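S.K.: The structure that follows is given in the form of structure tokens.
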Amino acid sequence: MNSSAMPVIPVPAGLDTKCFVLGEGALVYLPELLKQEFPGKVPWIVADDNTWRAAGAEAQELLDKAGLTPAKPCIFPGTPVLHPDFAYSEKLASLMPENCVPVAVGSGVINDLTKCASGLKKLPYCCVPTACSVDGFTSAGAALAVNHNKQTVKCPAPHAICADTAVMATAPAPMLSSGYADLLTKIVAGADWIIADATGEQPIRPDVWQMIQGNIRRWVAAPKDMLNIFEGLAATGYSMQMMLDSRPASGSEHLFGHVWEMEGLKKDGIDVSHGFKVGVGLLAGAKLMEYICGNPYAAVASRATAPLSIEARKAEIDALLAKNCYGPDPKRISLAKFKTGEAALERRKLIAGVWEPLRAKLEKQLYPYERLRSMLLAAGCPVTPARIGLSREQFLHGIRTAQLIRNRYTVLDFLYDAGLLEDAMTGLEVMIG
Ligand SMILES: [Zn+2]
């Protein structure tokens, strides 16, 4: 085989990920990729029944034929749907053959389980995605439930990725829709970073910014263009590896998604995909940002509610967190960012000062709400809360609660600190219909 034919996409230096192969039919390069990146290691495929059929069996055969003598694969049942539970990763780690390179053949869950297991054994691994569904393939860390508590478990990103668009095209259509929505969120996440930058909360890092925001419009231009979409999702993972933080990939829209995820959101008895939750979230985030773009500060300042006392805010937080399912210590997080008295007034002064230049910057960064909605619809994504199983109450509760669960500064904090969050939220009515 001609090694120069391997469709390698450059990866920024200094990351866990060293080699990224992407293209139609790229699976045939898996043996060559493993020989190059993991010399002398025994490939060990981890899959489930579905992903084994999609690519696992063929990969095993390719490795066999190439003389790599792969170990007996580990294949999870395809049904019921495999849950991303840390216990499975511990099990995988205990099953890992001697001197192996784990090869995760699957979508997000198989990849996260294998990523974490490989991290436990301190073994670099290779990822063969079977769906273009999420940006987590290339990120450091795995989204897993530890003792029923969903969290990001620290572990290195894959050393190598072999992504075959012909394989990913065989995945159920909603998986690509979901990946597209997750990618499109970067428009809103970028706008949230602009807000955090303007308020001095988290400066924009130009190299990371450019990597995502310099390309996002191209990546999302066509809803079925898997080469571009997967390249974008992969780059998003790299940007998080570079920042050691999910800021470049995740803003207010992901916070909404996390809240609904922690509440166990289902539609017709089935878990709603990550992409579909953050897709509805990105429309809500964009609507809130349009409130800023559409109004000079002078036009809305008189509608601002007075800053709360610490007691009143505590009561408000307790009411919002009543379901008690929002992670380890959301009350501490939300009180740490709460400003009262002088600090609250100072923040309002700052907001008044940055509002006008921010309007222009957000206007430039965002696509209008209607356009984002059309893009999601064209990609087959839900665009209303009801379509992902959210009642009006749960949707609006999620908007208010999302501000409490992380210290990440977003449009939610900006509007809350301005005393204008409730006023801006009236704009969300158009989404509820
Ligand atoms: Zn995401």
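Naming works like this for the structure tokens: A, B, ... for the chains as they're shown, residue 1 at the start of each chain, ligands 1 onward in shown order.
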What residues have any atom no more than 10 Å from ligand 1 when counting only C-alpha atoms and all ligand atoms, and can you list them as a ChimeraX atom specification?

M.R.: /A:133-136,178-179,181-186,233,236-237,246,249-251,253-255,257-258,274-279

S.K.: Grab the residues selected above and save them as a JSON list (two decimals), in the first residue's frame with N, CA and C atoms.

M.R.:
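Heads up, here's the output in out_6.json:
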[["chain", "number", "residue", "atom", "x", "y", "z"],
["A", 133, "SER", "N", -21.23, 12.15, 15.37],
["A", 133, "SER", "CA", -22.33, 12.51, 16.26],
["A", 133, "SER", "C", -22.00, 13.51, 17.36],
["A", 134, "VAL", "N", -20.72, 13.75, 17.61],
["A", 134, "VAL", "CA", -20.40, 14.50, 18.83],
["A", 134, "VAL", "C", -18.94, 14.97, 18.74],
["A", 135, "ASP", "N", -18.60, 16.00, 19.50],
["A", 135, "ASP", "CA", -17.21, 16.49, 19.43],
["A", 135, "ASP", "C", -16.30, 15.84, 20.46],
["A", 136, "GLY", "N", -16.84, 14.88, 21.18],
["A", 136, "GLY", "CA", -16.07, 14.26, 22.26],
["A", 136, "GLY", "C", -15.03, 13.23, 21.81],
["A", 178, "SER", "N", -27.30, 15.28, 14.98],
["A", 178, "SER", "CA", -26.87, 15.62, 16.33],
["A", 178, "SER", "C", -25.45, 16.20, 16.32],
["A", 179, "GLY", "N", -24.57, 15.59, 15.54],
["A", 179, "GLY", "CA", -23.20, 16.10, 15.42],
["A", 179, "GLY", "C", -23.19, 17.49, 14.80],
["A", 181, "ALA", "N", -25.59, 19.74, 14.98],
["A", 181, "ALA", "CA", -26.06, 20.70, 15.99],
["A", 181, "ALA", "C", -24.95, 21.01, 16.99],
["A", 182, "ASP", "N", -24.21, 19.98, 17.41],
["A", 182, "ASP", "CA", -23.13, 20.20, 18.37],
["A", 182, "ASP", "C", -22.06, 21.12, 17.77],
["A", 183, "LEU", "N", -21.82, 20.97, 16.47],
["A", 183, "LEU", "CA", -20.84, 21.83, 15.80],
["A", 183, "LEU", "C", -21.36, 23.26, 15.68],
["A", 184, "LEU", "N", -22.64, 23.38, 15.33],
["A", 184, "LEU", "CA", -23.23, 24.72, 15.15],
["A", 184, "LEU", "C", -23.24, 25.52, 16.45],
["A", 185, "THR", "N", -23.22, 24.82, 17.58],
["A", 185, "THR", "CA", -23.21, 25.55, 18.87],
["A", 185, "THR", "C", -21.99, 26.46, 19.00],
["A", 186, "LYS", "N", -20.93, 26.16, 18.24],
["A", 186, "LYS", "CA", -19.69, 26.95, 18.42],
["A", 186, "LYS", "C", -19.89, 28.41, 18.03],
["A", 233, "LEU", "N", -15.74, 18.87, 14.19],
["A", 233, "LEU", "CA", -15.91, 18.24, 15.51],
["A", 233, "LEU", "C", -14.55, 17.83, 16.09],
["A", 236, "THR", "N", -12.66, 20.83, 17.31],
["A", 236, "THR", "CA", -13.22, 21.29, 18.58],
["A", 236, "THR", "C", -12.60, 20.53, 19.75],
["A", 237, "GLY", "N", -12.44, 19.23, 19.55],
["A", 237, "GLY", "CA", -11.77, 18.43, 20.59],
["A", 237, "GLY", "C", -10.33, 18.91, 20.80],
["A", 246, "SER", "N", -13.15, 23.44, 28.41],
["A", 246, "SER", "CA", -14.10, 23.33, 27.31],
["A", 246, "SER", "C", -14.62, 24.68, 26.82],
["A", 249, "ALA", "N", -15.53, 25.33, 23.17],
["A", 249, "ALA", "CA", -16.56, 24.48, 22.57],
["A", 249, "ALA", "C", -17.91, 24.63, 23.23],
["A", 250, "SER", "N", -17.98, 25.36, 24.30],
["A", 250, "SER", "CA", -19.16, 25.25, 25.15],
["A", 250, "SER", "C", -19.48, 26.56, 25.85],
["A", 251, "GLY", "N", -20.68, 27.08, 25.58],
["A", 251, "GLY", "CA", -21.14, 28.30, 26.25],
["A", 251, "GLY", "C", -22.49, 28.06, 26.88],
["A", 253, "GLU", "N", -25.34, 27.59, 25.67],
["A", 253, "GLU", "CA", -26.17, 26.53, 25.05],
["A", 253, "GLU", "C", -25.83, 25.15, 25.62],
["A", 254, "HIS", "N", -24.55, 24.93, 25.96],
["A", 254, "HIS", "CA", -24.19, 23.65, 26.57],
["A", 254, "HIS", "C", -24.66, 23.59, 28.02],
["A", 255, "LEU", "N", -24.66, 24.74, 28.70],
["A", 255, "LEU", "CA", -25.15, 24.75, 30.08],
["A", 255, "LEU", "C", -26.63, 24.37, 30.13],
["A", 257, "GLY", "N", -28.12, 22.48, 27.96],
["A", 257, "GLY", "CA", -28.12, 21.04, 27.67],
["A", 257, "GLY", "C", -27.74, 20.22, 28.89],
["A", 258, "HIS", "N", -26.75, 20.70, 29.66],
["A", 258, "HIS", "CA", -26.32, 19.95, 30.86],
["A", 258, "HIS", "C", -27.45, 19.87, 31.89],
["A", 274, "HIS", "N", -27.20, 14.39, 22.96],
["A", 274, "HIS", "CA", -26.48, 15.61, 23.38],
["A", 274, "HIS", "C", -26.70, 16.73, 22.36],
["A", 275, "GLY", "N", -26.51, 16.39, 21.07],
["A", 275, "GLY", "CA", -26.62, 17.41, 20.03],
["A", 275, "GLY", "C", -27.99, 18.06, 19.97],
["A", 276, "PHE", "N", -29.03, 17.27, 20.17],
["A", 276, "PHE", "CA", -30.38, 17.83, 20.09],
["A", 276, "PHE", "C", -30.68, 18.74, 21.28],
["A", 277, "LYS", "N", -30.12, 18.40, 22.43],
["A", 277, "LYS", "CA", -30.33, 19.28, 23.59],
["A", 277, "LYS", "C", -29.59, 20.62, 23.38],
["A", 278, "VAL", "N", -28.32, 20.53, 22.98],
["A", 278, "VAL", "CA", -27.57, 21.78, 22.83],
["A", 278, "VAL", "C", -28.02, 22.55, 21.58],
["A", 279, "GLY", "N", -28.67, 21.85, 20.63],
["A", 279, "GLY", "CA", -29.22, 22.53, 19.46],
["A", 279, "GLY", "C", -30.37, 23.46, 19.84]]

S.K.: Assign secondary structure with DSSP using the backbone only, and return the residues of segment 208-383 of chain A in alpha helix (DSSP H) as a ChimeraX atom specification.

M.R.: /A:208-213,216-219,226-243,252-262,274-294,297-300,310-320,330-336,341-365,369-378

S.K.: Which residues are near Ala402 of chain A? Cut-off 12 Å, only C-alpha atoms, ignore same chain within fewer than 3 positions. Put them as a PyMOL selection string.

M.R.: chain A and resi 251-263+281+284-285+317+320-321+326-327+330+333-334+394-399+405-413+416

S.K.: With N, CA and C atoms retained, write the just-selected residues as a compact mmCIF listing (two decimals), in the first residue's frame.

M.R.:
# COMPACT_ATOMS: atom_id res chain seq x y z
N GLY A 251 -20.68 27.08 25.58
CA GLY A 251 -21.14 28.30 26.25
C GLY A 251 -22.49 28.06 26.88
N SER A 252 -23.32 29.09 26.89
CA SER A 252 -24.63 29.00 27.53
C SER A 252 -25.45 27.83 26.99
N GLU A 253 -25.34 27.59 25.67
CA GLU A 253 -26.17 26.53 25.05
C GLU A 253 -25.83 25.15 25.62
N HIS A 254 -24.55 24.93 25.96
CA HIS A 254 -24.19 23.65 26.57
C HIS A 254 -24.66 23.59 28.02
N LEU A 255 -24.66 24.74 28.70
CA LEU A 255 -25.15 24.75 30.08
C LEU A 255 -26.63 24.37 30.13
N PHE A 256 -27.42 24.88 29.17
CA PHE A 256 -28.83 24.46 29.11
C PHE A 256 -28.90 22.94 28.93
N GLY A 257 -28.12 22.48 27.96
CA GLY A 257 -28.12 21.04 27.67
C GLY A 257 -27.74 20.22 28.89
N HIS A 258 -26.75 20.70 29.66
CA HIS A 258 -26.32 19.95 30.86
C HIS A 258 -27.45 19.87 31.89
N VAL A 259 -28.16 20.98 32.05
CA VAL A 259 -29.27 20.98 33.02
C VAL A 259 -30.31 19.92 32.63
N TRP A 260 -30.70 19.93 31.36
CA TRP A 260 -31.74 18.98 30.92
C TRP A 260 -31.21 17.55 30.97
N GLU A 261 -29.93 17.41 30.70
CA GLU A 261 -29.30 16.08 30.80
C GLU A 261 -29.35 15.58 32.25
N MET A 262 -28.99 16.46 33.19
CA MET A 262 -28.96 16.04 34.59
C MET A 262 -30.38 15.76 35.11
N GLU A 263 -31.35 16.38 34.47
CA GLU A 263 -32.74 16.10 34.84
C GLU A 263 -33.26 14.83 34.16
N GLY A 281 -30.71 24.47 22.82
CA GLY A 281 -30.00 25.43 23.69
C GLY A 281 -29.37 26.57 22.90
N ALA A 284 -31.88 29.18 22.05
CA ALA A 284 -32.21 29.99 23.22
C ALA A 284 -31.09 30.99 23.52
N GLY A 285 -29.85 30.52 23.44
CA GLY A 285 -28.70 31.41 23.68
C GLY A 285 -28.68 32.54 22.67
N ILE A 317 -32.03 30.65 44.55
CA ILE A 317 -31.19 29.52 44.14
C ILE A 317 -31.76 28.20 44.67
N LEU A 320 -34.64 27.12 42.57
CA LEU A 320 -34.26 26.62 41.23
C LEU A 320 -33.61 25.24 41.31
N LEU A 321 -32.89 24.99 42.41
CA LEU A 321 -32.15 23.72 42.53
C LEU A 321 -32.95 22.65 43.28
N TYR A 326 -28.21 18.56 40.31
CA TYR A 326 -27.37 19.39 39.43
C TYR A 326 -25.88 19.33 39.75
N GLY A 327 -25.38 18.15 40.06
CA GLY A 327 -23.93 18.02 40.25
C GLY A 327 -23.54 18.24 41.70
N PRO A 330 -23.70 22.92 43.23
CA PRO A 330 -24.11 24.09 42.44
C PRO A 330 -24.39 25.32 43.30
N ILE A 333 -21.18 27.16 43.77
CA ILE A 333 -20.78 27.78 42.49
C ILE A 333 -21.62 29.03 42.22
N SER A 334 -22.92 28.92 42.43
CA SER A 334 -23.77 30.05 42.08
C SER A 334 -23.61 31.20 43.07
N GLN A 394 -40.23 23.36 32.12
CA GLN A 394 -38.89 22.77 32.24
C GLN A 394 -37.88 23.54 31.39
N PHE A 395 -38.34 24.00 30.22
CA PHE A 395 -37.48 24.79 29.34
C PHE A 395 -37.04 26.08 30.04
N LEU A 396 -38.01 26.84 30.54
CA LEU A 396 -37.68 28.13 31.15
C LEU A 396 -36.90 27.95 32.46
N HIS A 397 -37.25 26.91 33.20
CA HIS A 397 -36.50 26.61 34.43
C HIS A 397 -35.03 26.30 34.09
N GLY A 398 -34.83 25.59 32.97
CA GLY A 398 -33.47 25.26 32.54
C GLY A 398 -32.66 26.49 32.20
N ILE A 399 -33.31 27.48 31.60
CA ILE A 399 -32.61 28.73 31.23
C ILE A 399 -32.10 29.41 32.50
N ILE A 405 -24.84 26.36 37.48
CA ILE A 405 -24.17 25.06 37.62
C ILE A 405 -22.68 25.08 37.30
N ARG A 406 -22.19 26.15 36.67
CA ARG A 406 -20.76 26.22 36.34
C ARG A 406 -20.27 27.65 36.58
N ASN A 407 -18.95 27.79 36.75
CA ASN A 407 -18.45 29.16 36.92
C ASN A 407 -18.17 29.84 35.58
N ARG A 408 -18.44 29.15 34.47
CA ARG A 408 -18.24 29.75 33.14
C ARG A 408 -19.12 30.97 32.94
N TYR A 409 -18.52 32.11 32.56
CA TYR A 409 -19.28 33.34 32.38
C TYR A 409 -19.89 33.38 30.98
N THR A 410 -21.21 33.55 30.92
CA THR A 410 -21.91 33.55 29.64
C THR A 410 -22.92 34.71 29.59
N VAL A 411 -23.67 34.73 28.51
CA VAL A 411 -24.73 35.73 28.37
C VAL A 411 -25.70 35.68 29.56
N LEU A 412 -25.84 34.51 30.18
CA LEU A 412 -26.76 34.38 31.32
C LEU A 412 -26.28 35.23 32.50
N ASP A 413 -24.97 35.17 32.77
CA ASP A 413 -24.43 35.96 33.87
C ASP A 413 -24.50 37.45 33.54
N TYR A 416 -28.05 38.49 33.86
CA TYR A 416 -28.45 38.44 35.27
C TYR A 416 -27.83 39.61 36.04

S.K.: Can you tell me which residues surround segment 73-78 of chain A at a distance of at most 12 Å, considering only C-alpha atoms, apart from same-chain residues fewer than 4 positions away, and format the answer as a PyMOL selection string?

M.R.: chain A and resi 42-54+56-57+59-61+63+69+82-83+88+91-97+100-107+109-110+113-114

S.K.: How would the residues just chosen look if you wrote them out with N, CA and C atoms as a short mmCIF file (atom, residue, chain, number, x, y, z; two decimals), in the first residue's frame?

M.R.:
data_model
loop_
_atom_site.label_atom_id
_atom_site.label_comp_id
_atom_site.auth_asym_id
_atom_site.auth_seq_id
_atom_site.Cartn_x
_atom_site.Cartn_y
_atom_site.Cartn_z
N VAL A 42 -0.30 -5.10 19.96
CA VAL A 42 -1.36 -6.00 19.49
C VAL A 42 -2.69 -5.23 19.48
N PRO A 43 -3.33 -5.05 18.31
CA PRO A 43 -4.60 -4.31 18.28
C PRO A 43 -5.69 -5.08 19.02
N TRP A 44 -6.47 -4.36 19.79
CA TRP A 44 -7.58 -4.97 20.53
C TRP A 44 -8.82 -4.11 20.30
N ILE A 45 -9.74 -4.62 19.50
CA ILE A 45 -10.93 -3.86 19.13
C ILE A 45 -11.99 -3.93 20.23
N VAL A 46 -12.53 -2.75 20.58
CA VAL A 46 -13.68 -2.67 21.48
C VAL A 46 -14.85 -2.11 20.66
N ALA A 47 -15.97 -2.79 20.68
CA ALA A 47 -17.12 -2.37 19.86
C ALA A 47 -18.41 -2.81 20.56
N ASP A 48 -19.56 -2.52 19.94
CA ASP A 48 -20.79 -3.20 20.35
C ASP A 48 -21.34 -3.91 19.10
N ASP A 49 -22.42 -4.66 19.27
CA ASP A 49 -22.93 -5.44 18.13
C ASP A 49 -23.12 -4.58 16.88
N ASN A 50 -23.67 -3.37 17.09
CA ASN A 50 -23.96 -2.51 15.94
C ASN A 50 -22.69 -1.99 15.28
N THR A 51 -21.76 -1.52 16.10
CA THR A 51 -20.56 -0.92 15.52
C THR A 51 -19.61 -2.01 15.01
N TRP A 52 -19.76 -3.21 15.59
CA TRP A 52 -19.00 -4.34 15.05
C TRP A 52 -19.43 -4.59 13.60
N ARG A 53 -20.77 -4.58 13.40
CA ARG A 53 -21.29 -4.77 12.04
C ARG A 53 -20.88 -3.62 11.13
N ALA A 54 -20.91 -2.38 11.67
CA ALA A 54 -20.64 -1.19 10.84
C ALA A 54 -19.19 -1.14 10.38
N GLY A 56 -16.36 -2.85 12.78
CA GLY A 56 -15.48 -3.66 13.61
C GLY A 56 -14.99 -4.92 12.91
N ALA A 57 -15.95 -5.65 12.31
CA ALA A 57 -15.58 -6.91 11.66
C ALA A 57 -14.61 -6.67 10.51
N ALA A 59 -12.61 -4.10 10.19
CA ALA A 59 -11.33 -3.66 10.75
C ALA A 59 -10.51 -4.87 11.22
N GLN A 60 -11.19 -5.78 11.91
CA GLN A 60 -10.50 -6.98 12.41
C GLN A 60 -9.89 -7.77 11.24
N GLU A 61 -10.66 -7.88 10.17
CA GLU A 61 -10.19 -8.61 8.99
C GLU A 61 -9.00 -7.91 8.34
N LEU A 63 -6.86 -5.99 9.80
CA LEU A 63 -5.70 -6.13 10.68
C LEU A 63 -5.09 -7.53 10.56
N THR A 69 -2.07 -9.61 13.68
CA THR A 69 -2.60 -10.57 14.66
C THR A 69 -3.35 -9.91 15.82
N LEU A 82 -26.09 0.81 25.41
CA LEU A 82 -25.01 0.78 26.40
C LEU A 82 -24.94 2.12 27.12
N HIS A 83 -24.90 2.10 28.45
CA HIS A 83 -24.79 3.36 29.18
C HIS A 83 -23.34 3.67 29.50
N TYR A 88 -17.94 0.13 33.52
CA TYR A 88 -17.57 -0.57 32.28
C TYR A 88 -16.11 -0.29 31.90
N LYS A 91 -13.94 -2.37 33.98
CA LYS A 91 -14.01 -3.74 33.48
C LYS A 91 -13.10 -3.90 32.25
N LEU A 92 -13.23 -2.95 31.32
CA LEU A 92 -12.40 -2.98 30.11
C LEU A 92 -10.92 -2.97 30.46
N ALA A 93 -10.57 -2.09 31.41
CA ALA A 93 -9.16 -1.98 31.80
C ALA A 93 -8.66 -3.33 32.33
N SER A 94 -9.53 -4.03 33.06
CA SER A 94 -9.11 -5.31 33.63
C SER A 94 -9.00 -6.40 32.55
N LEU A 95 -9.71 -6.21 31.44
CA LEU A 95 -9.70 -7.22 30.37
C LEU A 95 -8.60 -6.99 29.34
N MET A 96 -7.97 -5.83 29.37
CA MET A 96 -7.03 -5.47 28.30
C MET A 96 -5.89 -6.48 28.17
N PRO A 97 -5.70 -7.01 26.95
CA PRO A 97 -4.61 -7.97 26.76
C PRO A 97 -3.24 -7.30 26.96
N CYS A 100 -1.11 -4.32 24.34
CA CYS A 100 -2.10 -4.03 23.29
C CYS A 100 -2.23 -2.54 23.00
N VAL A 101 -2.82 -2.26 21.85
CA VAL A 101 -3.33 -0.93 21.58
C VAL A 101 -4.85 -1.06 21.46
N PRO A 102 -5.60 -0.48 22.41
CA PRO A 102 -7.05 -0.53 22.30
C PRO A 102 -7.51 0.26 21.07
N VAL A 103 -8.46 -0.31 20.34
CA VAL A 103 -9.02 0.36 19.17
C VAL A 103 -10.53 0.47 19.39
N ALA A 104 -10.97 1.67 19.71
CA ALA A 104 -12.40 1.88 19.98
C ALA A 104 -13.14 2.04 18.67
N VAL A 105 -13.96 1.06 18.31
CA VAL A 105 -14.75 1.16 17.08
C VAL A 105 -16.18 1.45 17.51
N GLY A 106 -16.60 2.71 17.39
CA GLY A 106 -17.95 3.01 17.85
C GLY A 106 -18.26 4.48 17.86
N SER A 107 -19.41 4.79 18.43
CA SER A 107 -19.81 6.19 18.56
C SER A 107 -19.33 6.69 19.91
N VAL A 109 -20.24 6.60 23.06
CA VAL A 109 -20.18 5.82 24.30
C VAL A 109 -19.01 4.84 24.29
N ILE A 110 -18.89 4.06 23.22
CA ILE A 110 -17.77 3.11 23.11
C ILE A 110 -16.44 3.85 23.21
N LEU A 113 -15.84 5.04 26.87
CA LEU A 113 -15.49 3.92 27.75
C LEU A 113 -14.06 3.45 27.50
N THR A 114 -13.69 3.37 26.22
CA THR A 114 -12.35 2.90 25.88
C THR A 114 -11.30 3.95 26.25
#

S.K.: For a test of reading the model, state the distance in Å between atom CA of Ile212 of chain A and atom CA of Leu421 of chain A, rounded to one decimal.

M.R.: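 One can read the atom CA of Ile212 of chain A to atom CA of Leu421 of chain A distance as 28.2 Å.
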
S.K.: Could you tell me which of A:Lys331, A:Ala360, A:Ser302, A:Ile432 comes closest to Gly419 of chain A if we count only C-alpha atoms?

M.R.: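 Selected residue with least distance to Gly419 of chain A: A:Ser302.
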
S.K.: Which value, in Å to one decimal, gives the distance between atom CA of Arg347 of chain A and atom CA of Leu415 of chain A?

M.R.: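 Going from atom CA of Arg347 of chain A over to atom CA of Leu415 of chain A, I get 10.9 Å.
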
S.K.: Would you list the contacts of Glu370 of chain A as a ChimeraX atom specification, taking every protein, DNA or RNA residue within 10 Å and counting only C-alpha atoms, but skipping same-chain residues closer than 3 positions in sequence?

M.R.: /A:283,286-287,367,373-376

S.K.: With only C-alpha atoms as the basis for distance, which of A:Glu98, A:Glu37, A:Glu32, A:Asp271 is at the shortest distance from Cys19 of chain A?

M.R.: A:Glu37

S.K.: In Å to one decimal, how far is atom CA of Lys115 of chain A from atom CA of Gln202 of chain A?

M.R.: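 Interatomic distance here is 29.2 Å.
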